[in-house]
Amino acid sequence: MAGKSIKKILIATDGSDYTKRAVEYGIEIAKSTGAKLYAIYVIDTRAYDSLPESAPIEYAYLLLRKEGEIATEYVADRARAIGMEAEKIITEGHPAEEIIKYAEENSIDLIVMGTFGKGGVNRLLLGSVASKVIRTSKIPVLVVPIRDVEL
């Protein structure tokens with residue numbers, strides 16, 4: 001990113017405690033660069049595949065949507081606490097693909113995300129979503145590692 005200023009930062013959140021550390025980093029970078037903040041939560045449609053046939057998909061969707069609202073509102077609240085605004089985005093699909101798609105379509109300069117998240121600590125080094133975003137994104141990605149967690 002040599003010579004390129006950061007004007008738009010996308011913080012990918014899944015609402016987990018691991019994401020909260022990434023949120024703080026993303027907001028701090030936005031504060032120091034004057035970048036506009038975006039918070040994205042992706043309803044992972046693959047979650048529907050693991051539901052029993054008798055489970056009402058509408059109920060599962062509402063739960064995941066509510067989780068997304070809480071996760072993106074957390075980012076917006078943290079931004080407001082330092083006098084900034086964050087646009088909240090909730091979309092659905094495969095998380096890594098949707099994060100990259102949104103970033104590319106909206107001229108995002110930096111994607112910020114945490115490790116482990118909902119993938120669980122059994123993932124080695126990086127969660128599967130973070131790993132895929134790093135491998136396939138043309139946009140720079142800042143991955144904030146976990147800390148204070150025993151493996």
# chains A, B, ... in the order shown; residues from 1 in each chain; ligands from 1
>>> residues_around(residues="region 130-137 of chain A", least_positions_apart="6", cutoff="10 Å", atoms="only C-alpha atoms", output="VMD selection string")
chain A and resid 12 95 to 101 103 to 104 111 to 117 119 143 to 144
>>> select_by_dssp(residues="chain A", states="strand (DSSP E or B)", output="PDB file with N, CA and C atoms, in the first residue's frame")
ATOM      1  N   LYS A   8     -11.185   3.901   3.126  1.00  0.00           N
ATOM      2  CA  LYS A   8     -12.307   3.057   3.527  1.00  0.00           C
ATOM      3  C   LYS A   8     -11.778   1.773   4.155  1.00  0.00           C
ATOM      4  N   ILE A   9     -12.282   1.477   5.353  1.00  0.00           N
ATOM      5  CA  ILE A   9     -11.876   0.272   6.075  1.00  0.00           C
ATOM      6  C   ILE A   9     -13.111  -0.590   6.324  1.00  0.00           C
ATOM      7  N   LEU A  10     -13.000  -1.867   5.971  1.00  0.00           N
ATOM      8  CA  LEU A  10     -14.070  -2.827   6.196  1.00  0.00           C
ATOM      9  C   LEU A  10     -13.665  -3.730   7.354  1.00  0.00           C
ATOM     10  N   ILE A  11     -14.438  -3.711   8.419  1.00  0.00           N
ATOM     11  CA  ILE A  11     -14.205  -4.602   9.552  1.00  0.00           C
ATOM     12  C   ILE A  11     -15.175  -5.767   9.427  1.00  0.00           C
ATOM     13  N   ALA A  12     -14.626  -6.966   9.248  1.00  0.00           N
ATOM     14  CA  ALA A  12     -15.451  -8.170   9.165  1.00  0.00           C
ATOM     15  C   ALA A  12     -15.647  -8.701  10.580  1.00  0.00           C
ATOM     16  N   LYS A  36     -13.293   6.115   6.359  1.00  0.00           N
ATOM     17  CA  LYS A  36     -14.686   5.765   6.655  1.00  0.00           C
ATOM     18  C   LYS A  36     -14.722   4.294   7.057  1.00  0.00           C
ATOM     19  N   LEU A  37     -15.545   3.977   8.054  1.00  0.00           N
ATOM     20  CA  LEU A  37     -15.640   2.613   8.581  1.00  0.00           C
ATOM     21  C   LEU A  37     -16.896   1.899   8.095  1.00  0.00           C
ATOM     22  N   TYR A  38     -16.722   0.625   7.794  1.00  0.00           N
ATOM     23  CA  TYR A  38     -17.821  -0.251   7.422  1.00  0.00           C
ATOM     24  C   TYR A  38     -17.689  -1.513   8.262  1.00  0.00           C
ATOM     25  N   ALA A  39     -18.814  -2.010   8.776  1.00  0.00           N
ATOM     26  CA  ALA A  39     -18.818  -3.264   9.544  1.00  0.00           C
ATOM     27  C   ALA A  39     -19.678  -4.258   8.788  1.00  0.00           C
ATOM     28  N   ILE A  40     -19.115  -5.425   8.471  1.00  0.00           N
ATOM     29  CA  ILE A  40     -19.865  -6.430   7.722  1.00  0.00           C
ATOM     30  C   ILE A  40     -20.000  -7.721   8.515  1.00  0.00           C
ATOM     31  N   TYR A  41     -21.199  -8.270   8.476  1.00  0.00           N
ATOM     32  CA  TYR A  41     -21.501  -9.571   9.049  1.00  0.00           C
ATOM     33  C   TYR A  41     -22.138 -10.379   7.936  1.00  0.00           C
ATOM     34  N   VAL A  42     -21.656 -11.598   7.742  1.00  0.00           N
ATOM     35  CA  VAL A  42     -22.206 -12.453   6.692  1.00  0.00           C
ATOM     36  C   VAL A  42     -22.957 -13.616   7.331  1.00  0.00           C
ATOM     37  N   ILE A  43     -24.244 -13.708   6.999  1.00  0.00           N
ATOM     38  CA  ILE A  43     -25.040 -14.855   7.422  1.00  0.00           C
ATOM     39  C   ILE A  43     -24.570 -16.019   6.554  1.00  0.00           C
ATOM     40  N   ASP A  44     -23.939 -16.978   7.192  1.00  0.00           N
ATOM     41  CA  ASP A  44     -23.367 -18.113   6.470  1.00  0.00           C
ATOM     42  C   ASP A  44     -24.488 -19.063   6.073  1.00  0.00           C
ATOM     43  N   ALA A  86     -19.902   4.248  11.724  1.00  0.00           N
ATOM     44  CA  ALA A  86     -19.608   3.013  10.983  1.00  0.00           C
ATOM     45  C   ALA A  86     -20.882   2.574  10.279  1.00  0.00           C
ATOM     46  N   GLU A  87     -20.775   2.337   8.994  1.00  0.00           N
ATOM     47  CA  GLU A  87     -21.914   1.821   8.240  1.00  0.00           C
ATOM     48  C   GLU A  87     -22.015   0.326   8.491  1.00  0.00           C
ATOM     49  N   LYS A  88     -23.241  -0.157   8.778  1.00  0.00           N
ATOM     50  CA  LYS A  88     -23.463  -1.570   9.102  1.00  0.00           C
ATOM     51  C   LYS A  88     -24.007  -2.300   7.880  1.00  0.00           C
ATOM     52  N   ILE A  89     -23.394  -3.443   7.570  1.00  0.00           N
ATOM     53  CA  ILE A  89     -23.810  -4.259   6.439  1.00  0.00           C
ATOM     54  C   ILE A  89     -24.059  -5.675   6.928  1.00  0.00           C
ATOM     55  N   ILE A  90     -25.230  -6.218   6.593  1.00  0.00           N
ATOM     56  CA  ILE A  90     -25.516  -7.625   6.845  1.00  0.00           C
ATOM     57  C   ILE A  90     -25.878  -8.230   5.492  1.00  0.00           C
ATOM     58  N   THR A  91     -25.164  -9.271   5.132  1.00  0.00           N
ATOM     59  CA  THR A  91     -25.401  -9.933   3.862  1.00  0.00           C
ATOM     60  C   THR A  91     -25.414 -11.429   4.105  1.00  0.00           C
ATOM     61  N   GLU A  92     -25.632 -12.207   3.080  1.00  0.00           N
ATOM     62  CA  GLU A  92     -25.630 -13.660   3.262  1.00  0.00           C
ATOM     63  C   GLU A  92     -24.903 -14.350   2.132  1.00  0.00           C
ATOM     64  N   GLY A  93     -24.380 -15.537   2.447  1.00  0.00           N
ATOM     65  CA  GLY A  93     -23.614 -16.312   1.483  1.00  0.00           C
ATOM     66  C   GLY A  93     -22.448 -16.965   2.201  1.00  0.00           C
ATOM     67  N   LEU A 110      -8.817  -1.400   2.918  1.00  0.00           N
ATOM     68  CA  LEU A 110      -8.251  -2.324   3.899  1.00  0.00           C
ATOM     69  C   LEU A 110      -9.360  -3.141   4.534  1.00  0.00           C
ATOM     70  N   ILE A 111      -9.153  -4.452   4.604  1.00  0.00           N
ATOM     71  CA  ILE A 111     -10.069  -5.349   5.305  1.00  0.00           C
ATOM     72  C   ILE A 111      -9.400  -5.705   6.626  1.00  0.00           C
ATOM     73  N   VAL A 112     -10.144  -5.578   7.724  1.00  0.00           N
ATOM     74  CA  VAL A 112      -9.619  -5.921   9.046  1.00  0.00           C
ATOM     75  C   VAL A 112     -10.485  -7.042   9.605  1.00  0.00           C
ATOM     76  N   MET A 113      -9.839  -8.095  10.078  1.00  0.00           N
ATOM     77  CA  MET A 113     -10.583  -9.219  10.662  1.00  0.00           C
ATOM     78  C   MET A 113      -9.746  -9.915  11.712  1.00  0.00           C
ATOM     79  N   GLY A 114     -10.402 -10.675  12.571  1.00  0.00           N
ATOM     80  CA  GLY A 114      -9.715 -11.413  13.619  1.00  0.00           C
ATOM     81  C   GLY A 114      -9.525 -12.865  13.232  1.00  0.00           C
ATOM     82  N   VAL A 141      -5.260  -7.108   3.632  1.00  0.00           N
ATOM     83  CA  VAL A 141      -6.013  -7.658   4.755  1.00  0.00           C
ATOM     84  C   VAL A 141      -5.141  -7.594   6.006  1.00  0.00           C
ATOM     85  N   LEU A 142      -5.685  -7.008   7.058  1.00  0.00           N
ATOM     86  CA  LEU A 142      -5.016  -7.009   8.359  1.00  0.00           C
ATOM     87  C   LEU A 142      -5.736  -8.037   9.219  1.00  0.00           C
ATOM     88  N   VAL A 143      -5.006  -9.082   9.605  1.00  0.00           N
ATOM     89  CA  VAL A 143      -5.570 -10.111  10.467  1.00  0.00           C
ATOM     90  C   VAL A 143      -5.011  -9.897  11.865  1.00  0.00           C
ATOM     91  N   VAL A 144      -5.915  -9.684  12.802  1.00  0.00           N
ATOM     92  CA  VAL A 144      -5.521  -9.435  14.180  1.00  0.00           C
ATOM     93  C   VAL A 144      -5.591 -10.753  14.929  1.00  0.00           C
TER      94      VAL A 144
END
>>> select_by_dssp(residues="region 15-97 of chain A", states="alpha helix (DSSP H)", output="ChimeraX atom specification")
/A:17-33,57-80,95-97
>>> residues_around(residues="Glu85 (chain A)", least_positions_apart="4", cutoff="7 Å", atoms="only C-alpha atoms", output="MDAnalysis selection string")
chainID A and resid 37 76 79:80
>>> write_last_selection(atoms="C-alpha atoms", output="compact mmCIF listing (two decimals), in the first residue's frame")
# COMPACT_ATOMS: atom_id res chain seq x y z
CA LEU A 37 -15.64 2.61 8.58
CA ALA A 76 -20.91 1.10 15.39
CA ALA A 79 -16.87 3.88 16.64
CA ARG A 80 -19.40 6.31 18.13
>>> decode(residues="region 65-79 of chain A", atoms="N, CA and C atoms", output="compact mmCIF listing (two decimals), in the first residue's frame")
# COMPACT_ATOMS: atom_id res chain seq x y z
N ARG A 65 -29.65 -13.42 11.71
CA ARG A 65 -29.79 -12.00 11.38
C ARG A 65 -29.65 -11.16 12.65
N LYS A 66 -30.28 -11.60 13.74
CA LYS A 66 -30.18 -10.88 15.01
C LYS A 66 -28.72 -10.86 15.48
N GLU A 67 -28.04 -11.98 15.34
CA GLU A 67 -26.62 -12.05 15.70
C GLU A 67 -25.82 -11.02 14.88
N GLY A 68 -26.15 -10.91 13.60
CA GLY A 68 -25.49 -9.94 12.73
C GLY A 68 -25.75 -8.51 13.15
N GLU A 69 -26.99 -8.24 13.56
CA GLU A 69 -27.33 -6.89 14.02
C GLU A 69 -26.55 -6.54 15.28
N ILE A 70 -26.44 -7.49 16.19
CA ILE A 70 -25.69 -7.26 17.43
C ILE A 70 -24.21 -7.05 17.12
N ALA A 71 -23.66 -7.87 16.24
CA ALA A 71 -22.23 -7.79 15.90
C ALA A 71 -21.88 -6.47 15.22
N THR A 72 -22.69 -6.05 14.26
CA THR A 72 -22.39 -4.79 13.55
C THR A 72 -22.68 -3.58 14.43
N GLU A 73 -23.68 -3.69 15.30
CA GLU A 73 -23.97 -2.59 16.22
C GLU A 73 -22.83 -2.41 17.22
N TYR A 74 -22.18 -3.51 17.60
CA TYR A 74 -21.02 -3.41 18.49
C TYR A 74 -19.94 -2.53 17.84
N VAL A 75 -19.68 -2.77 16.56
CA VAL A 75 -18.68 -1.96 15.84
C VAL A 75 -19.12 -0.50 15.80
N ALA A 76 -20.39 -0.27 15.46
CA ALA A 76 -20.91 1.10 15.39
C ALA A 76 -20.83 1.79 16.75
N ASP A 77 -21.15 1.08 17.83
CA ASP A 77 -21.07 1.64 19.18
C ASP A 77 -19.64 2.03 19.53
N ARG A 78 -18.70 1.14 19.22
CA ARG A 78 -17.29 1.42 19.52
C ARG A 78 -16.80 2.62 18.71
N ALA A 79 -17.24 2.73 17.48
CA ALA A 79 -16.87 3.88 16.64
C ALA A 79 -17.46 5.17 17.20
